[in-house]
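Structure file structure-v9.txt with compact mmCIF, C-alpha atoms:
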# COMPACT_ATOMS: atom_id res chain seq x y z
CA MET A 1 54.48 -15.75 46.60
CA LYS A 2 51.46 -16.02 44.31
CA LEU A 3 52.09 -12.53 43.04
CA PHE A 4 55.61 -13.55 42.09
CA ARG A 5 54.21 -16.37 39.95
CA LYS A 6 51.51 -14.28 38.26
CA ILE A 7 53.77 -11.50 37.04
CA SER A 8 56.91 -12.42 35.14
CA ILE A 9 59.56 -9.86 36.04
CA SER A 10 63.07 -10.38 34.74
CA ASP A 11 65.83 -9.73 37.21
CA ARG A 12 68.19 -9.49 34.28
CA GLU A 13 67.30 -5.84 33.62
CA LEU A 14 67.77 -5.03 37.29
CA PHE A 15 71.30 -6.48 37.25
CA PHE A 16 72.01 -4.84 33.87
CA LEU A 17 71.17 -1.42 35.33
CA SER A 18 72.69 -2.06 38.76
CA TRP A 19 76.11 -3.58 38.07
CA PRO A 20 77.67 -0.40 36.60
CA ILE A 21 76.27 1.53 39.57
CA PHE A 22 77.82 -1.08 41.86
CA VAL A 23 81.20 -0.67 40.16
CA GLU A 24 80.91 3.11 40.50
CA LEU A 25 80.04 2.90 44.18
CA PHE A 26 82.71 0.27 44.77
CA LEU A 27 85.36 2.46 43.19
CA ARG A 28 84.22 5.44 45.22
CA VAL A 29 84.37 3.48 48.47
CA ALA A 30 87.61 1.71 47.50
CA ILE A 31 89.28 5.01 46.73
CA GLY A 32 87.97 6.38 50.02
CA ASN A 33 89.46 3.41 51.88
CA ILE A 34 92.75 3.72 50.03
CA ASN A 35 92.79 7.35 51.09
CA VAL A 36 92.12 6.36 54.71
CA PHE A 37 94.93 3.81 54.50
CA MET A 38 97.36 6.35 53.05
CA ILE A 39 96.36 9.03 55.54
CA SER A 40 96.65 6.57 58.46
CA ASN A 41 100.28 5.94 57.48
CA TYR A 42 100.81 9.70 57.15
CA SER A 43 99.09 10.77 60.40
CA GLU A 44 96.32 9.18 62.53
CA PRO A 45 95.05 12.60 63.73
CA ALA A 46 94.65 13.45 60.04
CA VAL A 47 92.35 10.41 59.73
CA ALA A 48 90.04 11.90 62.36
CA ALA A 49 90.18 15.41 60.84
CA ILE A 50 89.52 14.25 57.26
CA GLY A 51 86.84 11.80 58.44
CA ALA A 52 84.94 14.60 60.18
CA ALA A 53 85.43 16.98 57.23
CA ASN A 54 84.09 14.33 54.84
CA GLN A 55 80.92 14.07 56.93
CA LEU A 56 80.20 17.69 56.03
CA LEU A 57 81.28 17.27 52.42
CA ASN A 58 79.04 14.21 52.07
CA LEU A 59 76.19 16.27 53.47
CA SER A 60 76.54 18.62 50.52
CA VAL A 61 76.06 15.70 48.09
CA PHE A 62 72.49 15.37 49.33
CA VAL A 63 71.93 19.11 49.03
CA TYR A 64 72.62 19.14 45.30
CA GLY A 65 70.72 15.86 45.27
CA PHE A 66 67.65 18.13 45.44
CA ILE A 67 68.25 18.56 41.71
CA THR A 68 69.68 15.18 40.69
CA VAL A 69 67.11 12.96 42.40
CA GLY A 70 64.12 14.96 41.15
CA THR A 71 65.57 14.97 37.63
CA GLN A 72 66.08 11.20 37.61
CA ILE A 73 62.54 10.53 38.82
CA ILE A 74 60.89 12.81 36.24
CA ILE A 75 62.95 11.56 33.28
CA ALA A 76 62.34 7.89 34.19
CA GLN A 77 58.59 8.50 34.38
CA LEU A 78 58.60 10.46 31.08
CA ILE A 79 60.40 7.56 29.36
CA GLY A 80 57.84 5.12 30.75
CA ALA A 81 54.98 7.37 29.61
CA ARG A 82 56.56 7.72 26.12
CA LYS A 83 56.85 11.52 26.40
CA LYS A 84 60.50 11.89 25.49
CA GLU A 85 59.96 15.19 23.70
CA GLN A 86 59.65 16.88 27.11
CA ILE A 87 63.01 15.60 28.34
CA PRO A 88 65.40 18.24 26.80
CA GLN A 89 63.64 21.00 28.72
CA ILE A 90 63.95 19.03 31.95
CA MET A 91 67.66 18.47 31.28
CA THR A 92 68.34 22.15 30.61
CA THR A 93 66.47 23.25 33.70
CA ALA A 94 68.25 20.68 35.86
CA LEU A 95 71.74 21.63 34.66
CA ILE A 96 71.21 25.35 35.21
CA GLY A 97 69.71 24.64 38.62
CA SER A 98 72.68 22.44 39.59
CA VAL A 99 75.16 25.18 38.67
CA ILE A 100 73.38 27.74 40.85
CA LEU A 101 72.98 25.38 43.82
CA GLY A 102 76.54 24.08 43.49
CA LEU A 103 78.00 27.58 43.55
CA LEU A 104 76.09 28.40 46.74
CA ILE A 105 77.44 25.25 48.44
CA SER A 106 81.00 25.99 47.30
CA LEU A 107 80.78 29.54 48.64
CA ALA A 108 79.81 28.27 52.11
CA PHE A 109 82.89 26.01 52.34
CA ILE A 110 85.23 28.73 51.04
CA LEU A 111 84.02 31.34 53.53
CA PHE A 112 83.45 29.25 56.68
CA PRO A 113 85.84 26.24 56.83
CA THR A 114 87.02 26.80 60.40
CA GLN A 115 83.53 27.45 61.74
CA LEU A 116 82.19 24.31 60.06
CA LEU A 117 84.87 22.10 61.61
CA ARG A 118 84.44 23.67 65.03
CA PHE A 119 80.75 22.91 64.72
CA MET A 120 81.76 19.23 64.47
CA ASN A 121 83.11 19.45 68.04
CA LEU A 122 86.68 18.75 66.91
CA GLU A 123 89.73 19.48 68.99
CA ALA A 124 91.73 22.56 67.96
CA ASN A 125 94.60 20.56 66.40
CA LEU A 126 92.13 18.62 64.20
CA VAL A 127 90.46 21.85 63.05
CA GLU A 128 93.86 23.17 62.04
CA ILE A 129 94.62 20.00 60.06
CA GLY A 130 91.27 19.92 58.27
CA LYS A 131 90.47 23.54 57.41
CA GLY A 132 92.62 23.76 54.29
CA TYR A 133 91.26 20.45 53.03
CA ILE A 134 87.62 21.40 53.49
CA ARG A 135 88.09 24.86 51.92
CA ILE A 136 89.73 23.51 48.76
CA PHE A 137 87.55 20.42 48.30
CA GLY A 138 84.34 22.16 49.36
CA GLY A 139 85.07 25.14 47.13
CA SER A 140 85.00 22.86 44.08
CA LEU A 141 81.67 21.19 44.83
CA PHE A 142 79.87 23.08 42.05
CA VAL A 143 81.84 20.85 39.66
CA SER A 144 80.54 17.74 41.45
CA SER A 145 77.00 19.15 41.40
CA VAL A 146 76.93 19.45 37.60
CA SER A 147 78.60 16.04 37.11
CA ALA A 148 76.06 14.39 39.42
CA THR A 149 73.19 15.87 37.41
CA ILE A 150 74.63 14.57 34.15
CA ILE A 151 75.14 11.12 35.70
CA ALA A 152 71.48 11.15 36.84
CA ILE A 153 70.37 12.04 33.29
CA LEU A 154 72.44 9.24 31.75
CA ARG A 155 71.22 6.68 34.29
CA SER A 156 67.59 7.62 33.69
CA HIS A 157 68.09 6.73 30.03
CA GLY A 158 69.53 3.34 31.02
CA LEU A 159 73.08 4.49 30.19
CA THR A 160 74.54 3.26 33.46
CA ARG A 161 77.64 1.79 31.81
CA PRO A 162 78.77 4.97 30.03
CA ALA A 163 77.99 6.94 33.22
CA LEU A 164 80.45 4.70 35.07
CA LEU A 165 83.35 6.27 33.14
CA ILE A 166 82.85 9.64 34.90
CA PRO A 167 83.48 8.67 38.55
CA MET A 168 85.94 5.93 37.54
CA THR A 169 88.26 8.42 35.83
CA ALA A 170 87.86 10.99 38.59
CA SER A 171 88.65 8.38 41.26
CA ILE A 172 91.76 7.04 39.54
CA ILE A 173 93.17 10.54 39.07
CA ALA A 174 92.36 11.40 42.69
CA VAL A 175 94.10 8.36 44.19
CA ILE A 176 97.24 8.93 42.10
CA GLY A 177 97.20 12.57 43.16
CA ASN A 178 96.72 11.57 46.79
CA TYR A 179 99.79 9.35 46.69
CA ILE A 180 101.85 12.16 45.20
CA ALA A 181 100.45 14.69 47.70
CA LEU A 182 101.22 12.60 50.79
CA TYR A 183 104.45 10.81 49.89
CA GLY A 184 106.16 13.10 47.36
CA PRO A 185 107.64 10.40 45.07
CA PHE A 186 110.40 11.13 42.52
CA GLY A 187 111.67 14.02 44.61
CA LEU A 188 108.37 15.92 44.45
CA PRO A 189 107.38 17.99 47.50
CA SER A 190 104.75 16.65 49.93
CA PHE A 191 101.57 18.72 49.81
CA GLY A 192 99.99 17.07 52.86
CA VAL A 193 96.26 17.11 53.56
CA GLU A 194 95.63 20.10 51.26
CA GLY A 195 97.15 18.06 48.45
CA LEU A 196 94.44 15.43 48.91
CA ALA A 197 91.80 18.07 48.27
CA MET A 198 93.63 19.38 45.19
CA ALA A 199 93.88 15.85 43.76
CA SER A 200 90.12 15.43 44.14
CA VAL A 201 89.47 18.79 42.47
CA VAL A 202 91.57 17.78 39.45
CA GLY A 203 89.88 14.36 39.25
CA ASN A 204 86.37 15.79 39.48
CA SER A 205 87.15 18.46 36.87
CA VAL A 206 88.30 15.82 34.38
CA GLY A 207 85.19 13.82 35.25
CA LEU A 208 82.99 16.80 34.36
CA ILE A 209 84.65 17.14 30.96
CA ILE A 210 83.98 13.46 30.29
CA ALA A 211 80.39 13.83 31.52
CA GLY A 212 79.75 16.63 29.03
CA ALA A 213 81.23 14.57 26.19
CA LEU A 214 79.05 11.55 27.06
CA LEU A 215 75.92 13.67 27.20
CA THR A 216 76.70 15.01 23.74
CA LYS A 217 77.59 11.61 22.28
CA HIS A 218 74.73 9.48 23.63
CA LEU A 219 71.85 11.96 23.89
CA ASN A 220 72.93 14.58 21.35
CA PHE A 221 72.61 17.21 24.07
CA HIS A 222 75.34 19.85 24.31
CA PRO A 223 75.75 21.12 27.89
CA LEU A 224 77.73 24.16 26.71
CA LYS A 225 74.97 25.16 24.31
CA LEU A 226 72.03 25.33 26.68
CA LYS A 227 69.07 27.30 25.37
CA ARG A 228 67.74 29.83 27.85
CA SER A 229 64.32 29.37 26.28
CA ASN A 230 64.38 25.75 27.50
CA PHE A 231 64.83 26.79 31.13
CA SER A 232 61.48 26.45 32.89
CA LEU A 233 60.66 27.66 36.39
CA PRO A 234 57.61 25.34 36.57
CA ASP A 235 59.87 22.40 35.67
CA LEU A 236 62.42 23.49 38.28
CA LYS A 237 59.59 23.61 40.79
CA ASN A 238 58.54 20.07 39.83
CA ILE A 239 62.15 18.85 40.09
CA LEU A 240 62.51 20.38 43.56
CA THR A 241 59.05 19.18 44.62
CA LEU A 242 60.28 15.63 44.09
CA GLY A 243 63.95 16.20 44.85
CA LEU A 244 63.66 18.10 48.12
CA PRO A 245 61.78 15.36 49.99
CA SER A 246 63.58 12.52 48.17
CA SER A 247 67.07 13.80 48.78
CA GLY A 248 65.84 15.35 52.01
CA GLU A 249 65.43 11.87 53.47
CA SER A 250 69.09 11.11 52.70
CA LEU A 251 70.10 14.60 53.83
CA SER A 252 68.33 14.06 57.14
CA TYR A 253 70.20 10.78 57.60
CA GLN A 254 73.55 12.33 56.74
CA ALA A 255 72.87 15.31 59.02
CA ALA A 256 72.16 12.85 61.82
CA GLN A 257 75.54 11.23 61.14
CA VAL A 258 77.16 14.64 61.60
CA VAL A 259 75.52 14.92 65.03
CA VAL A 260 76.63 11.37 65.88
CA THR A 261 80.19 12.28 64.89
CA MET A 262 79.98 15.19 67.31
CA ILE A 263 78.88 12.76 70.06
CA VAL A 264 81.69 10.33 69.21
CA ALA A 265 84.23 13.18 69.13
CA SER A 266 83.38 13.92 72.76
CA LEU A 267 84.52 10.37 73.65
CA GLY A 268 88.08 11.13 72.57
CA GLN A 269 90.32 11.03 69.53
CA SER A 270 90.88 7.24 69.60
CA VAL A 271 87.13 6.50 69.43
CA LEU A 272 86.74 9.01 66.60
CA ILE A 273 89.56 7.28 64.73
CA ALA A 274 87.84 3.92 65.32
CA LYS A 275 84.60 5.31 63.90
CA SER A 276 86.45 6.50 60.78
CA TYR A 277 87.81 2.98 60.18
CA VAL A 278 84.52 1.21 60.92
CA THR A 279 82.56 3.60 58.70
CA ALA A 280 85.04 3.04 55.86
CA ILE A 281 84.53 -0.74 56.08
CA THR A 282 80.73 -0.68 56.45
CA GLN A 283 80.49 1.30 53.21
CA PHE A 284 81.62 -1.86 51.40
CA VAL A 285 79.01 -3.96 53.17
CA TYR A 286 75.98 -2.13 51.80
CA LEU A 287 77.33 -1.50 48.29
CA VAL A 288 75.29 -4.28 46.69
CA ALA A 289 72.06 -3.10 48.34
CA ALA A 290 72.75 0.52 47.36
CA SER A 291 73.35 -0.33 43.70
CA LEU A 292 70.30 -2.60 43.52
CA ALA A 293 68.21 0.17 45.08
CA GLN A 294 69.26 2.62 42.36
CA GLY A 295 68.64 0.13 39.57
CA ASN A 296 65.28 -0.64 41.14
CA GLN A 297 64.44 3.07 41.20
CA ILE A 298 64.92 3.40 37.46
CA MET A 299 62.72 0.34 36.74
CA VAL A 300 59.96 1.34 39.15
CA GLY A 301 59.91 4.89 37.76
CA ARG A 302 59.44 3.59 34.22
CA ASN A 303 56.74 1.14 35.31
CA VAL A 304 54.83 3.87 37.12
CA GLY A 305 55.16 6.21 34.13
CA ALA A 306 53.64 3.43 32.00
CA LYS A 307 50.97 2.87 34.72
CA GLU A 308 52.12 -0.74 35.20
CA TYR A 309 51.65 -0.62 38.97
CA ASP A 310 51.59 -4.35 39.65
CA ARG A 311 54.92 -4.76 37.88
CA ALA A 312 56.35 -1.91 39.95
CA TYR A 313 55.08 -3.50 43.19
CA THR A 314 56.53 -6.91 42.42
CA ARG A 315 59.83 -5.43 41.28
CA GLY A 316 60.19 -3.67 44.61
CA MET A 317 59.42 -6.79 46.66
CA ARG A 318 61.79 -8.98 44.66
CA THR A 319 64.59 -6.43 45.00
CA ILE A 320 64.13 -6.36 48.79
CA VAL A 321 64.73 -10.11 48.98
CA ILE A 322 67.83 -10.00 46.76
CA ALA A 323 69.33 -6.99 48.56
CA THR A 324 68.67 -8.31 52.07
CA ILE A 325 70.18 -11.73 51.41
CA SER A 326 73.25 -10.06 49.85
CA SER A 327 73.71 -7.73 52.83
CA LEU A 328 73.37 -10.53 55.39
CA LEU A 329 75.97 -12.62 53.60
CA ILE A 330 78.47 -9.78 53.21
CA SER A 331 78.07 -8.46 56.78
CA THR A 332 78.55 -11.98 58.22
CA LEU A 333 81.73 -12.50 56.19
CA THR A 334 82.97 -9.09 57.33
CA LEU A 335 82.51 -10.09 60.98
CA ILE A 336 84.35 -13.39 60.44
CA PHE A 337 87.36 -11.63 58.89
CA ILE A 338 87.19 -8.37 60.85
CA GLU A 339 90.64 -8.70 62.47
CA PRO A 340 92.66 -8.98 59.25
CA ILE A 341 90.45 -6.31 57.64
CA MET A 342 91.04 -3.87 60.51
CA GLY A 343 94.70 -4.83 60.43
CA ILE A 344 94.95 -3.11 57.06
CA PHE A 345 94.30 0.22 58.77
CA THR A 346 95.67 -0.06 62.30
CA THR A 347 97.57 -2.23 64.79
CA ASN A 348 95.81 -0.61 67.75
CA GLN A 349 94.25 -3.64 69.50
CA GLU A 350 91.76 -1.49 71.43
CA VAL A 351 90.36 -0.10 68.18
CA ILE A 352 90.19 -3.60 66.65
CA GLU A 353 88.24 -4.98 69.63
CA ILE A 354 85.74 -2.10 69.44
CA ALA A 355 85.25 -2.87 65.75
CA ARG A 356 84.68 -6.58 66.43
CA ILE A 357 81.71 -5.88 68.72
CA VAL A 358 80.36 -3.17 66.43
CA PHE A 359 80.22 -5.58 63.49
CA VAL A 360 78.13 -8.07 65.47
CA VAL A 361 75.46 -5.36 65.74
CA ASP A 362 76.07 -4.40 62.12
CA ILE A 363 74.61 -7.68 60.82
CA VAL A 364 71.14 -6.64 62.01
CA LEU A 365 71.71 -3.07 60.91
CA GLU A 366 72.68 -4.01 57.33
CA ALA A 367 69.68 -6.31 56.81
CA ALA A 368 67.31 -3.49 57.79
CA ARG A 369 69.33 -0.88 55.88
CA SER A 370 69.01 -2.87 52.64
CA ILE A 371 65.21 -2.85 52.99
CA ASN A 372 65.20 0.90 53.59
CA MET A 373 67.44 1.62 50.62
CA VAL A 374 65.26 -0.33 48.22
CA MET A 375 61.94 0.87 49.60
CA VAL A 376 62.87 4.54 49.88
CA SER A 377 64.24 4.64 46.32
CA GLY A 378 61.16 2.74 45.10
CA LEU A 379 58.72 5.11 46.81
CA ASN A 380 60.63 8.12 45.51
CA ALA A 381 60.46 6.72 41.96
CA THR A 382 56.66 6.58 42.20
CA GLY A 383 56.42 10.20 43.34
CA ASP A 384 55.56 9.23 46.92
CA VAL A 385 58.39 11.36 48.31
CA LYS A 386 56.99 12.91 51.49
CA TYR A 387 56.32 9.72 53.46
CA PRO A 388 59.98 8.52 53.58
CA LEU A 389 61.07 12.02 54.60
CA VAL A 390 58.56 12.29 57.44
CA CYS A 391 59.47 8.82 58.72
CA SER A 392 63.16 9.66 58.54
CA LEU A 393 62.75 12.92 60.44
CA ILE A 394 60.68 11.35 63.21
CA VAL A 395 62.68 8.15 63.71
CA LEU A 396 66.12 9.70 63.30
CA TRP A 397 65.71 12.83 65.37
CA VAL A 398 63.19 11.69 67.97
CA ILE A 399 64.41 8.12 68.52
CA SER A 400 67.80 7.36 66.97
CA LEU A 401 69.83 10.37 68.11
CA PRO A 402 68.60 10.32 71.73
CA PHE A 403 69.40 6.59 71.83
CA SER A 404 72.87 7.28 70.38
CA TYR A 405 73.62 9.80 73.10
CA GLY A 406 72.04 7.73 75.87
CA LEU A 407 73.74 4.46 74.98
CA ALA A 408 77.12 5.97 74.09
CA ILE A 409 77.42 8.53 76.91
CA TRP A 410 75.05 7.66 79.77
CA LEU A 411 75.43 3.88 79.58
CA LYS A 412 79.09 4.25 78.55
CA MET A 413 78.75 1.83 75.62
CA GLY A 414 80.79 4.12 73.38
CA LEU A 415 80.82 3.36 69.66
CA VAL A 416 78.93 0.09 70.18
CA GLY A 417 76.05 2.08 71.69
CA VAL A 418 75.98 4.29 68.62
CA TRP A 419 75.71 1.21 66.37
CA VAL A 420 72.90 -0.25 68.48
CA ALA A 421 71.03 3.05 68.02
CA TYR A 422 71.69 2.86 64.27
CA ALA A 423 70.22 -0.65 64.19
CA ILE A 424 67.09 0.42 66.11
CA ASP A 425 66.62 3.28 63.65
CA GLU A 426 66.99 1.10 60.53
CA VAL A 427 64.65 -1.64 61.84
CA LEU A 428 61.90 0.83 62.73
CA ARG A 429 62.10 2.60 59.38
CA SER A 430 62.20 -0.67 57.42
CA VAL A 431 58.90 -1.73 59.02
CA LEU A 432 57.34 1.63 58.09
CA MET A 433 58.65 1.48 54.50
CA ILE A 434 57.34 -2.04 53.85
CA TYR A 435 53.96 -1.06 55.29
CA ARG A 436 53.76 1.89 52.88
CA TRP A 437 54.78 -0.19 49.86
CA ARG A 438 52.22 -2.88 50.63
CA SER A 439 49.47 -0.27 51.20
CA GLY A 440 49.60 0.82 47.53
CA VAL A 441 49.08 4.51 48.37
CA TRP A 442 52.00 5.32 46.06
CA ARG A 443 49.99 4.21 43.00
CA SER A 444 48.27 7.60 42.91
CA LYS A 445 51.41 9.74 43.37
CA SER A 446 52.85 9.82 39.85
CA THR A 447 53.72 13.29 38.50
CA ILE A 448 53.13 12.21 34.88
CA THR A 449 49.52 12.32 33.65
Kindly transcribe the structure held in the file into structure tokens.
Amino acid sequence: MKLFRKISISDRELFFLSWPIFVELFLRVAIGNINVFMISNYSEPAVAAIGAANQLLNLSVFVYGFITVGTQIIIAQLIGARKKEQIPQIMTTALIGSVILGLLISLAFILFPTQLLRFMNLEANLVEIGKGYIRIFGGSLFVSSVSATIIAILRSHGLTRPALLIPMTASIIAVIGNYIALYGPFGLPSFGVEGLAMASVVGNSVGLIIAGALLTKHLNFHPLKLKRSNFSLPDLKNILTLGLPSSGESLSYQAAQVVVTMIVASLGQSVLIAKSYVTAITQFVYLVAASLAQGNQIMVGRNVGAKEYDRAYTRGMRTIVIATISSLLISTLTLIFIEPIMGIFTTNQEVIEIARIVFVVDIVLEAARSINMVMVSGLNATGDVKYPLVCSLIVLWVISLPFSYGLAIWLKMGLVGVWVAYAIDEVLRSVLMIYRWRSGVWRSKSTIT
């Protein structure tokens, strides 16, 4: 507490940077939940198929995050170190890198949609429902890759409010398109599940056009006029050196969720549907913590670039407190009102009862998750990127996944067992992250000299 008194750190900047990110994340999750609601009225098996497909599509976000996360860290540190003249070269390198990586990801989804869904341990009818969706949506991910890089660049410059316009527009277009695709209003034909993917492609494409315009307007940087001379292999190496471990930690987590989905799928279609609903709701619960973590990352990166390590340390600790209190409050309210919330999606009482027990466990899980989000983003911002990755790999794959299988299958706890394993994972990693932050090892990890 003494440290909090010695160093005056304004939370106002944190909220200024975080609230547009919160709105962006909220819109993304809200649109996702609206989609789940619309699909559940269209076909409950489609909920399971699209939910499993989205696990794989979400995994790809963290793959092109190799570029976006590294770019955001380097630019934030360069701004803090007052070396802005180096930023255009970083931006050019990042954009070209995101195009190449995005095209590789898109190619994988175009060529292997059926194999990818079978890998998820889905029943044959669910594979048939989901393969067109994953081919169309996945094939367009190079568009998302470039947009995500531009958003990272804008955020690093503190332009979180203009950056909000990109996903907001894409989301609104997508949800309108989804309604048209599923319900065929005004005499239009119903395009079914494939129509959902097409709506997202159109929305993301418009978002990319807006992203390019914002980059030109606010930073006077024209994405269609990239100079090949500004592309730097050493800079790409630096971006990936930071981005691979940083996004690798999130990628490891998301990959573990894919394996968990495979475990849950073996319990039957109804449990998989329940997981889709519960996952959709929990995304709302940790929105505040996720947005605060990203705002915190920008501030810590600038402080480290300016070599203001004590300010960075205190900022991280204060953000933990704010994020954890927020998560506890939201998760408790979610548990209290879980029946009417679940009633939005389903009238299946068995599914609702499973969700009720899951959300009791989720209170502990969300408190620990908020600490991990803030600490991992903070450590990444300092350049200390390997430690979170190593901890994630060990805890997730050696402890969490075996517990998920053991509790869900052997002890027959089903989805509740999976959530208990999630909670164990988050608590263990939160202890390790706080230990690292307090140790101060990260003070010597900055990439900017």
Enumerate, in order of chain and increasing residue number, the residues of stretch 235-297 of chain A with an atom no farther than 12 Å from stretch 395-417 of chain A, each with its shortest atom pair and distance in Å to one decimal, counting all atoms listed in the file, as a Markdown table.
| residue | atom | partner | partner_atom | distance |
| --- | --- | --- | --- | --- |
| A:Glu249 | CA | A:Leu396 | CA | 10.1 |
| A:Ser250 | CA | A:Leu396 | CA | 11.1 |
| A:Leu251 | CA | A:Leu396 | CA | 11.4 |
| A:Ser252 | CA | A:Leu396 | CA | 7.9 |
| A:Tyr253 | CA | A:Leu396 | CA | 7.1 |
| A:Gln254 | CA | A:Leu396 | CA | 10.3 |
| A:Ala255 | CA | A:Leu396 | CA | 9.8 |
| A:Ala256 | CA | A:Leu396 | CA | 7.0 |
| A:Gln257 | CA | A:Leu401 | CA | 9.1 |
| A:Val258 | CA | A:Leu401 | CA | 10.7 |
| A:Val259 | CA | A:Leu401 | CA | 7.9 |
| A:Val260 | CA | A:Ser404 | CA | 7.1 |
| A:Thr261 | CA | A:Leu415 | CA | 10.1 |
| A:Met262 | CA | A:Tyr405 | CA | 10.2 |
| A:Ile263 | CA | A:Tyr405 | CA | 6.8 |
| A:Val264 | CA | A:Leu415 | CA | 7.0 |
| A:Ala265 | CA | A:Leu415 | CA | 10.4 |
| A:Ser266 | CA | A:Ile409 | CA | 9.0 |
| A:Leu267 | CA | A:Gly414 | CA | 7.3 |
| A:Gly268 | CA | A:Gly414 | CA | 10.1 |
| A:Ser270 | CA | A:Leu415 | CA | 10.8 |
| A:Val271 | CA | A:Leu415 | CA | 7.1 |
| A:Leu272 | CA | A:Leu415 | CA | 8.7 |
| A:Ile273 | CA | A:Leu415 | CA | 10.8 |
| A:Ala274 | CA | A:Leu415 | CA | 8.3 |
| A:Lys275 | CA | A:Leu415 | CA | 7.2 |
| A:Ser276 | CA | A:Leu415 | CA | 11.0 |
| A:Tyr277 | CA | A:Leu415 | CA | 11.8 |
| A:Val278 | CA | A:Leu415 | CA | 9.7 |
| A:Thr279 | CA | A:Leu415 | CA | 11.1 |
- Name all residues at most 12 Å from A:Leu104 (count only C-alpha atoms; drop same-chain ones fewer than 4 positions away) and give them as JSON, numbers by chain. {"A": [60, 63, 64, 97, 98, 99, 100, 108, 109, 110, 111, 138, 139, 140, 141, 142, 143, 145]}
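Between A:Pro167 and the candidates A:Val29, A:Met91, A:Ile34, A:Ile129, the tightest atom-to-atom separation, counting only C-alpha atoms, involves A:Val29.
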- Query: What is the distance between atom CA of A:Ile31 and atom CA of A:Met120, in Å to one decimal?
  - Reply: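 Pair atom CA of A:Ile31 / atom CA of A:Met120 returns 23.9 Å.
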- Nearest to A:Leu116 by atom-to-atom distance, counting only C-alpha atoms, from A:Glu13, A:Glu426, A:Glu353, A:Glu128: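 Closest to A:Leu116, using only C-alpha atoms: A:Glu128.
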- Task: Go ahead and compute the interatomic distance for atom CA of A:Ile424 and atom CA of A:Cys391, in Å to one decimal.
- Result: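 Between atom CA of A:Ile424 and atom CA of A:Cys391 the gap works out to 13.5 Å.
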- Message: Report, in Å with one decimal, the straight-line distance from atom CA of A:Thr114 to atom CA of A:Lys131.
- Response: 5.6 Å
- Between A:Arg82, A:Lys445, A:Ala30, A:Pro113, smallest distance to A:Ala174 by only C-alpha atoms belongs to A:Ala30
